>>> print(open('coords.cif').read())   # mmCIF, N, CA and C atoms
data_work
#
loop_
_atom_site.group_PDB
_atom_site.id
_atom_site.type_symbol
_atom_site.label_atom_id
_atom_site.label_comp_id
_atom_site.auth_asym_id
_atom_site.auth_seq_id
_atom_site.Cartn_x
_atom_site.Cartn_y
_atom_site.Cartn_z
ATOM 1 N N MET A 1265 -31.956 -2.699 39.605
ATOM 2 C CA MET A 1265 -32.455 -3.903 40.252
ATOM 3 C C MET A 1265 -31.791 -5.117 39.596
ATOM 4 N N ALA A 1266 -31.411 -6.071 40.395
ATOM 5 C CA ALA A 1266 -30.755 -7.276 39.895
ATOM 6 C C ALA A 1266 -31.742 -8.442 39.904
ATOM 7 N N PHE A 1267 -31.697 -9.236 38.857
ATOM 8 C CA PHE A 1267 -32.567 -10.395 38.702
ATOM 9 C C PHE A 1267 -31.730 -11.638 38.448
ATOM 10 N N THR A 1268 -32.119 -12.760 39.027
ATOM 11 C CA THR A 1268 -31.562 -14.045 38.635
ATOM 12 C C THR A 1268 -32.424 -14.552 37.474
ATOM 13 N N LEU A 1269 -31.988 -15.607 36.809
ATOM 14 C CA LEU A 1269 -32.812 -16.197 35.750
ATOM 15 C C LEU A 1269 -34.151 -16.669 36.302
ATOM 16 N N GLN A 1270 -34.140 -17.213 37.508
ATOM 17 C CA GLN A 1270 -35.379 -17.682 38.121
ATOM 18 C C GLN A 1270 -36.329 -16.515 38.380
ATOM 19 N N GLU A 1271 -35.813 -15.408 38.885
ATOM 20 C CA GLU A 1271 -36.656 -14.229 39.124
ATOM 21 C C GLU A 1271 -37.177 -13.662 37.808
ATOM 22 N N LEU A 1272 -36.324 -13.602 36.805
ATOM 23 C CA LEU A 1272 -36.733 -13.101 35.496
ATOM 24 C C LEU A 1272 -37.886 -13.919 34.931
ATOM 25 N N SER A 1273 -37.875 -15.214 35.156
ATOM 26 C CA SER A 1273 -38.904 -16.093 34.591
ATOM 27 C C SER A 1273 -40.316 -15.743 35.089
ATOM 28 N N ARG A 1274 -40.411 -15.056 36.212
ATOM 29 C CA ARG A 1274 -41.727 -14.640 36.732
ATOM 30 C C ARG A 1274 -42.333 -13.508 35.916
ATOM 31 N N TYR A 1275 -41.505 -12.802 35.167
ATOM 32 C CA TYR A 1275 -41.958 -11.656 34.377
ATOM 33 C C TYR A 1275 -42.214 -12.094 32.934
ATOM 34 N N ASP A 1276 -43.180 -12.990 32.812
ATOM 35 C CA ASP A 1276 -43.477 -13.608 31.518
ATOM 36 C C ASP A 1276 -44.696 -13.000 30.828
ATOM 37 N N GLY A 1277 -45.264 -11.948 31.424
ATOM 38 C CA GLY A 1277 -46.415 -11.287 30.829
ATOM 39 C C GLY A 1277 -47.728 -12.008 31.049
ATOM 40 N N LYS A 1278 -47.737 -13.043 31.842
ATOM 41 C CA LYS A 1278 -48.951 -13.816 32.095
ATOM 42 C C LYS A 1278 -49.541 -13.460 33.454
ATOM 43 N N ASN A 1279 -50.853 -13.647 33.585
ATOM 44 C CA ASN A 1279 -51.566 -13.428 34.845
ATOM 45 C C ASN A 1279 -51.323 -12.038 35.427
ATOM 46 N N GLY A 1280 -51.268 -11.035 34.574
ATOM 47 C CA GLY A 1280 -51.095 -9.663 35.016
ATOM 48 C C GLY A 1280 -49.664 -9.239 35.298
ATOM 49 N N ASN A 1281 -48.699 -10.145 35.122
ATOM 50 C CA ASN A 1281 -47.298 -9.798 35.343
ATOM 51 C C ASN A 1281 -46.746 -9.002 34.171
ATOM 52 N N PRO A 1282 -45.786 -8.118 34.423
ATOM 53 C CA PRO A 1282 -45.114 -7.437 33.313
ATOM 54 C C PRO A 1282 -44.327 -8.444 32.485
ATOM 55 N N ALA A 1283 -43.938 -8.029 31.287
ATOM 56 C CA ALA A 1283 -43.142 -8.876 30.388
ATOM 57 C C ALA A 1283 -41.746 -8.273 30.260
ATOM 58 N N TYR A 1284 -40.742 -9.010 30.759
ATOM 59 C CA TYR A 1284 -39.349 -8.575 30.703
ATOM 60 C C TYR A 1284 -38.532 -9.583 29.914
ATOM 61 N N VAL A 1285 -37.510 -9.083 29.223
ATOM 62 C CA VAL A 1285 -36.544 -9.949 28.539
ATOM 63 C C VAL A 1285 -35.140 -9.435 28.831
ATOM 64 N N SER A 1286 -34.178 -10.330 28.790
ATOM 65 C CA SER A 1286 -32.785 -9.966 29.011
ATOM 66 C C SER A 1286 -32.008 -10.125 27.715
ATOM 67 N N VAL A 1287 -31.168 -9.124 27.427
ATOM 68 C CA VAL A 1287 -30.242 -9.180 26.291
ATOM 69 C C VAL A 1287 -28.909 -8.642 26.779
ATOM 70 N N ASP A 1288 -27.860 -9.431 26.652
ATOM 71 C CA ASP A 1288 -26.515 -9.046 27.097
ATOM 72 C C ASP A 1288 -26.488 -8.601 28.551
ATOM 73 N N GLY A 1289 -27.293 -9.224 29.396
ATOM 74 C CA GLY A 1289 -27.269 -8.924 30.816
ATOM 75 C C GLY A 1289 -28.128 -7.755 31.250
ATOM 76 N N THR A 1290 -28.722 -7.043 30.311
ATOM 77 C CA THR A 1290 -29.626 -5.939 30.622
ATOM 78 C C THR A 1290 -31.056 -6.435 30.470
ATOM 79 N N ILE A 1291 -31.904 -6.079 31.429
ATOM 80 C CA ILE A 1291 -33.301 -6.521 31.388
ATOM 81 C C ILE A 1291 -34.176 -5.357 30.938
ATOM 82 N N TYR A 1292 -34.995 -5.634 29.917
ATOM 83 C CA TYR A 1292 -35.859 -4.631 29.304
ATOM 84 C C TYR A 1292 -37.325 -4.979 29.542
ATOM 85 N N ASP A 1293 -38.136 -3.940 29.693
ATOM 86 C CA ASP A 1293 -39.582 -4.097 29.841
ATOM 87 C C ASP A 1293 -40.216 -4.043 28.458
ATOM 88 N N VAL A 1294 -40.826 -5.149 28.017
ATOM 89 C CA VAL A 1294 -41.497 -5.203 26.713
ATOM 90 C C VAL A 1294 -43.014 -5.288 26.875
ATOM 91 N N THR A 1295 -43.503 -5.004 28.083
ATOM 92 C CA THR A 1295 -44.920 -5.153 28.406
ATOM 93 C C THR A 1295 -45.822 -4.434 27.417
ATOM 94 N N ASP A 1296 -45.543 -3.183 27.120
ATOM 95 C CA ASP A 1296 -46.417 -2.377 26.266
ATOM 96 C C ASP A 1296 -45.881 -2.213 24.854
ATOM 97 N N ASN A 1297 -44.922 -3.033 24.469
ATOM 98 C CA ASN A 1297 -44.345 -2.958 23.135
ATOM 99 C C ASN A 1297 -45.214 -3.757 22.165
ATOM 100 N N ALA A 1298 -45.666 -3.123 21.108
ATOM 101 C CA ALA A 1298 -46.573 -3.771 20.151
ATOM 102 C C ALA A 1298 -45.979 -5.035 19.538
ATOM 103 N N ALA A 1299 -44.662 -5.080 19.370
ATOM 104 C CA ALA A 1299 -44.013 -6.264 18.795
ATOM 105 C C ALA A 1299 -44.066 -7.459 19.742
ATOM 106 N N TRP A 1300 -44.387 -7.210 21.015
ATOM 107 C CA TRP A 1300 -44.451 -8.254 22.028
ATOM 108 C C TRP A 1300 -45.880 -8.480 22.509
ATOM 109 N N ALA A 1301 -46.844 -8.375 21.621
ATOM 110 C CA ALA A 1301 -48.240 -8.630 21.992
ATOM 111 C C ALA A 1301 -48.362 -10.028 22.589
ATOM 112 N N ALA A 1302 -49.118 -10.158 23.649
ATOM 113 C CA ALA A 1302 -49.304 -11.435 24.360
ATOM 114 C C ALA A 1302 -47.994 -11.966 24.931
ATOM 115 N N ALA A 1303 -47.017 -11.069 25.151
ATOM 116 C CA ALA A 1303 -45.718 -11.405 25.747
ATOM 117 C C ALA A 1303 -44.924 -12.413 24.921
ATOM 118 N N THR A 1304 -45.190 -12.463 23.620
ATOM 119 C CA THR A 1304 -44.403 -13.300 22.713
ATOM 120 C C THR A 1304 -43.988 -12.462 21.503
ATOM 121 N N HIS A 1305 -42.904 -12.881 20.879
ATOM 122 C CA HIS A 1305 -42.392 -12.193 19.698
ATOM 123 C C HIS A 1305 -41.784 -13.255 18.791
ATOM 124 N N PHE A 1306 -42.481 -13.558 17.702
ATOM 125 C CA PHE A 1306 -42.024 -14.580 16.751
ATOM 126 C C PHE A 1306 -41.665 -15.890 17.453
ATOM 127 N N GLY A 1307 -42.523 -16.303 18.364
ATOM 128 C CA GLY A 1307 -42.342 -17.573 19.057
ATOM 129 C C GLY A 1307 -41.473 -17.509 20.296
ATOM 130 N N LEU A 1308 -40.861 -16.370 20.564
ATOM 131 C CA LEU A 1308 -40.048 -16.208 21.764
ATOM 132 C C LEU A 1308 -40.936 -15.737 22.903
ATOM 133 N N GLN A 1309 -40.675 -16.240 24.094
ATOM 134 C CA GLN A 1309 -41.491 -15.925 25.268
ATOM 135 C C GLN A 1309 -40.744 -14.956 26.177
ATOM 136 N N ALA A 1310 -41.465 -13.983 26.726
ATOM 137 C CA ALA A 1310 -40.884 -13.070 27.715
ATOM 138 C C ALA A 1310 -40.525 -13.857 28.976
ATOM 139 N N GLY A 1311 -39.700 -13.250 29.809
ATOM 140 C CA GLY A 1311 -39.273 -13.897 31.045
ATOM 141 C C GLY A 1311 -38.012 -14.721 30.880
ATOM 142 N N ARG A 1312 -37.283 -14.488 29.786
ATOM 143 C CA ARG A 1312 -36.094 -15.298 29.500
ATOM 144 C C ARG A 1312 -34.931 -14.414 29.053
ATOM 145 N N ASP A 1313 -33.739 -14.990 29.084
ATOM 146 C CA ASP A 1313 -32.561 -14.362 28.506
ATOM 147 C C ASP A 1313 -32.572 -14.693 27.019
ATOM 148 N N LEU A 1314 -32.707 -13.677 26.193
ATOM 149 C CA LEU A 1314 -32.819 -13.881 24.743
ATOM 150 C C LEU A 1314 -31.621 -13.302 23.996
ATOM 151 N N THR A 1315 -30.470 -13.293 24.632
ATOM 152 C CA THR A 1315 -29.277 -12.697 24.034
ATOM 153 C C THR A 1315 -28.954 -13.305 22.674
ATOM 154 N N SER A 1316 -28.829 -14.612 22.598
ATOM 155 C CA SER A 1316 -28.434 -15.224 21.320
ATOM 156 C C SER A 1316 -29.503 -15.048 20.259
ATOM 157 N N GLU A 1317 -30.762 -15.142 20.648
ATOM 158 C CA GLU A 1317 -31.857 -14.953 19.686
ATOM 159 C C GLU A 1317 -31.876 -13.521 19.164
ATOM 160 N N PHE A 1318 -31.668 -12.557 20.051
ATOM 161 C CA PHE A 1318 -31.664 -11.157 19.631
ATOM 162 C C PHE A 1318 -30.514 -10.881 18.670
ATOM 163 N N LEU A 1319 -29.338 -11.344 19.023
ATOM 164 C CA LEU A 1319 -28.168 -11.071 18.187
ATOM 165 C C LEU A 1319 -28.283 -11.704 16.805
ATOM 166 N N SER A 1320 -28.930 -12.853 16.718
ATOM 167 C CA SER A 1320 -29.071 -13.499 15.414
ATOM 168 C C SER A 1320 -30.110 -12.803 14.538
ATOM 169 N N CYS A 1321 -31.022 -12.053 15.145
ATOM 170 C CA CYS A 1321 -32.082 -11.369 14.384
ATOM 171 C C CYS A 1321 -31.850 -9.867 14.258
ATOM 172 N N HIS A 1322 -31.508 -9.238 15.376
ATOM 173 C CA HIS A 1322 -31.477 -7.777 15.429
ATOM 174 C C HIS A 1322 -30.114 -7.196 15.756
ATOM 175 N N GLY A 1323 -29.074 -7.981 15.710
ATOM 176 C CA GLY A 1323 -27.742 -7.499 16.068
ATOM 177 C C GLY A 1323 -27.384 -6.225 15.317
ATOM 178 N N GLY A 1324 -26.881 -5.230 16.037
ATOM 179 C CA GLY A 1324 -26.467 -3.977 15.410
ATOM 180 C C GLY A 1324 -27.592 -2.986 15.187
ATOM 181 N N GLN A 1325 -28.820 -3.365 15.476
ATOM 182 C CA GLN A 1325 -29.951 -2.462 15.306
ATOM 183 C C GLN A 1325 -30.251 -1.759 16.633
ATOM 184 N N PRO A 1326 -30.707 -0.505 16.577
ATOM 185 C CA PRO A 1326 -30.945 0.262 17.812
ATOM 186 C C PRO A 1326 -32.286 -0.031 18.482
ATOM 187 N N ILE A 1327 -32.855 -1.183 18.269
ATOM 188 C CA ILE A 1327 -34.181 -1.521 18.797
ATOM 189 C C ILE A 1327 -34.240 -1.406 20.313
ATOM 190 N N LEU A 1328 -33.216 -1.852 20.993
ATOM 191 C CA LEU A 1328 -33.235 -1.870 22.455
ATOM 192 C C LEU A 1328 -33.267 -0.478 23.059
ATOM 193 N N SER A 1329 -32.775 0.519 22.356
ATOM 194 C CA SER A 1329 -32.741 1.880 22.901
ATOM 195 C C SER A 1329 -34.146 2.448 23.104
ATOM 196 N N ASN A 1330 -35.141 1.831 22.490
ATOM 197 C CA ASN A 1330 -36.526 2.284 22.638
ATOM 198 C C ASN A 1330 -37.246 1.631 23.802
ATOM 199 N N LEU A 1331 -36.582 0.710 24.499
ATOM 200 C CA LEU A 1331 -37.208 -0.022 25.594
ATOM 201 C C LEU A 1331 -36.713 0.473 26.943
ATOM 202 N N LYS A 1332 -37.573 0.412 27.946
ATOM 203 C CA LYS A 1332 -37.209 0.818 29.299
ATOM 204 C C LYS A 1332 -36.336 -0.257 29.942
ATOM 205 N N VAL A 1333 -35.204 0.144 30.493
ATOM 206 C CA VAL A 1333 -34.322 -0.766 31.222
ATOM 207 C C VAL A 1333 -34.842 -0.866 32.653
ATOM 208 N N VAL A 1334 -35.021 -2.119 33.114
ATOM 209 C CA VAL A 1334 -35.551 -2.333 34.473
ATOM 210 C C VAL A 1334 -34.561 -3.035 35.396
ATOM 211 N N GLY A 1335 -33.421 -3.477 34.870
ATOM 212 C CA GLY A 1335 -32.456 -4.132 35.741
ATOM 213 C C GLY A 1335 -31.344 -4.828 34.989
ATOM 214 N N ARG A 1336 -30.593 -5.630 35.762
ATOM 215 C CA ARG A 1336 -29.486 -6.407 35.229
ATOM 216 C C ARG A 1336 -29.685 -7.865 35.606
ATOM 217 N N LEU A 1337 -29.240 -8.745 34.744
ATOM 218 C CA LEU A 1337 -29.262 -10.178 35.015
ATOM 219 C C LEU A 1337 -27.982 -10.528 35.748
ATOM 220 N N VAL A 1338 -28.092 -11.012 36.974
ATOM 221 C CA VAL A 1338 -26.910 -11.269 37.796
ATOM 222 C C VAL A 1338 -26.221 -12.575 37.448
ATOM 223 N N GLU A 1339 -26.890 -13.467 36.732
ATOM 224 C CA GLU A 1339 -26.280 -14.734 36.333
ATOM 225 C C GLU A 1339 -25.709 -14.667 34.941
ATOM 226 N N TYR A 1340 -25.651 -13.482 34.359
ATOM 227 C CA TYR A 1340 -25.144 -13.334 32.994
ATOM 228 C C TYR A 1340 -23.628 -13.462 32.977
ATOM 229 N N GLU A 1341 -23.123 -14.202 31.995
ATOM 230 C CA GLU A 1341 -21.674 -14.352 31.835
ATOM 231 C C GLU A 1341 -21.287 -14.028 30.425
#
>>> encode(input="coords.cif", output="structure tokens")
Amino acid sequence: MAFTLQELSRYDGKNGNPAYVSVDGTIYDVTDNAAWAAATHFGLQAGRDLTSEFLSCHGGQPILSNLKVVGRLVEYE
């Protein structure tokens, strides 16, 4: 499934919506991930492209392999 940034923003984990984040153009479901309780993780909000934030914190770590892939970000460059 392909998402634009605007579509991704709807998946912010609020009002019963799932919580999705994008890293390097891949969109992951963090809804049931304990590190993303309340759809936030160390001040970061779900529903956004977090590529630069992820790389500065978790670059090179296999964390993403534990998350379900739900789509691709079509506006990713």
>>> residues_near_point(input="coords.cif", point="(-36.8, -14.2, 28.1)", cutoff="9 Å", atoms="only C-alpha atoms", output="list in words")
Leu1269, Leu1272, Ser1273, Tyr1275, Asp1276, Ala1283, Tyr1284, Val1285, Ser1286, Val1287, Leu1308, Gln1309, Ala1310, Gly1311, Arg1312, Asp1313, Leu1314 and Thr1315 of chain A
>>> closest_residue(input="coords.cif", among="A:Ala1266, A:Ala1301, A:Val1334, A:Val1294", to="Pro1282 in chain A", atoms="only C-alpha atoms")
A:Val1294
>>> atom_distance(input="coords.cif", atom1="atom C of Tyr1292 in chain A", atom2="CA of Gly1335 in chain A")
7.9 Å
>>> atom_distance(input="coords.cif", atom1="CA of Phe1306 in chain A", atom2="CA of Met1265 in chain A")
27.5 Å
>>> atom_distance(input="coords.cif", atom1="CA of Ser1320 in chain A", atom2="CA of Lys1278 in chain A")
26.0 Å
>>> closest_residue(input="coords.cif", among="A:Asn1297, A:Thr1290, A:Asn1281, A:Gln1270", to="Val1333 in chain A", atoms="all atoms listed in the file")
A:Thr1290
>>> resolve_selection(input="coords.cif", expression="the PyMOL selection byres ((chain A and resi 1338) around 7)", output="mmCIF file with N, CA and C atoms, keeping the file's coordinate frame")
data_model
loop_
_atom_site.group_PDB
_atom_site.id
_atom_site.type_symbol
_atom_site.label_atom_id
_atom_site.label_comp_id
_atom_site.auth_asym_id
_atom_site.auth_seq_id
_atom_site.Cartn_x
_atom_site.Cartn_y
_atom_site.Cartn_z
ATOM 1 N N ALA A 1266 -31.411 -6.071 40.395
ATOM 2 C CA ALA A 1266 -30.755 -7.276 39.895
ATOM 3 C C ALA A 1266 -31.742 -8.442 39.904
ATOM 4 N N PHE A 1267 -31.697 -9.236 38.857
ATOM 5 C CA PHE A 1267 -32.567 -10.395 38.702
ATOM 6 C C PHE A 1267 -31.730 -11.638 38.448
ATOM 7 N N THR A 1268 -32.119 -12.760 39.027
ATOM 8 C CA THR A 1268 -31.562 -14.045 38.635
ATOM 9 C C THR A 1268 -32.424 -14.552 37.474
ATOM 10 N N LEU A 1269 -31.988 -15.607 36.809
ATOM 11 C CA LEU A 1269 -32.812 -16.197 35.750
ATOM 12 C C LEU A 1269 -34.151 -16.669 36.302
ATOM 13 N N GLY A 1289 -27.293 -9.224 29.396
ATOM 14 C CA GLY A 1289 -27.269 -8.924 30.816
ATOM 15 C C GLY A 1289 -28.128 -7.755 31.250
ATOM 16 N N ARG A 1336 -30.593 -5.630 35.762
ATOM 17 C CA ARG A 1336 -29.486 -6.407 35.229
ATOM 18 C C ARG A 1336 -29.685 -7.865 35.606
ATOM 19 N N LEU A 1337 -29.240 -8.745 34.744
ATOM 20 C CA LEU A 1337 -29.262 -10.178 35.015
ATOM 21 C C LEU A 1337 -27.982 -10.528 35.748
ATOM 22 N N GLU A 1339 -26.890 -13.467 36.732
ATOM 23 C CA GLU A 1339 -26.280 -14.734 36.333
ATOM 24 C C GLU A 1339 -25.709 -14.667 34.941
ATOM 25 N N TYR A 1340 -25.651 -13.482 34.359
ATOM 26 C CA TYR A 1340 -25.144 -13.334 32.994
ATOM 27 C C TYR A 1340 -23.628 -13.462 32.977
ATOM 28 N N GLU A 1341 -23.123 -14.202 31.995
ATOM 29 C CA GLU A 1341 -21.674 -14.352 31.835
ATOM 30 C C GLU A 1341 -21.287 -14.028 30.425
#
>>> closest_residue(input="coords.cif", among="A:Trp1300, A:Lys1332, A:Asp1288, A:Asp1293", to="Glu1317 in chain A", atoms="only C-alpha atoms")
A:Asp1288
>>> select_by_dssp(input="coords.cif", residues="range 1288-1318 of chain A", states="strand (DSSP E or B)", output="list in words")
Thr1290, Ile1291, Tyr1292, Asp1293, Thr1304, His1305, Leu1308, Gln1309 and Asp1313 of chain A
>>> select_by_dssp(input="coords.cif", residues="chain A", states="alpha helix (DSSP H)", output="JSON, numbers by chain")
{"A": [1269, 1270, 1271, 1272, 1315, 1316, 1317, 1318, 1319, 1320, 1321, 1322]}
>>> closest_residue(input="coords.cif", among="A:Asn1279, A:Phe1318, A:Pro1326, A:Ile1291", to="Ala1303 in chain A", atoms="only C-alpha atoms")
A:Asn1279
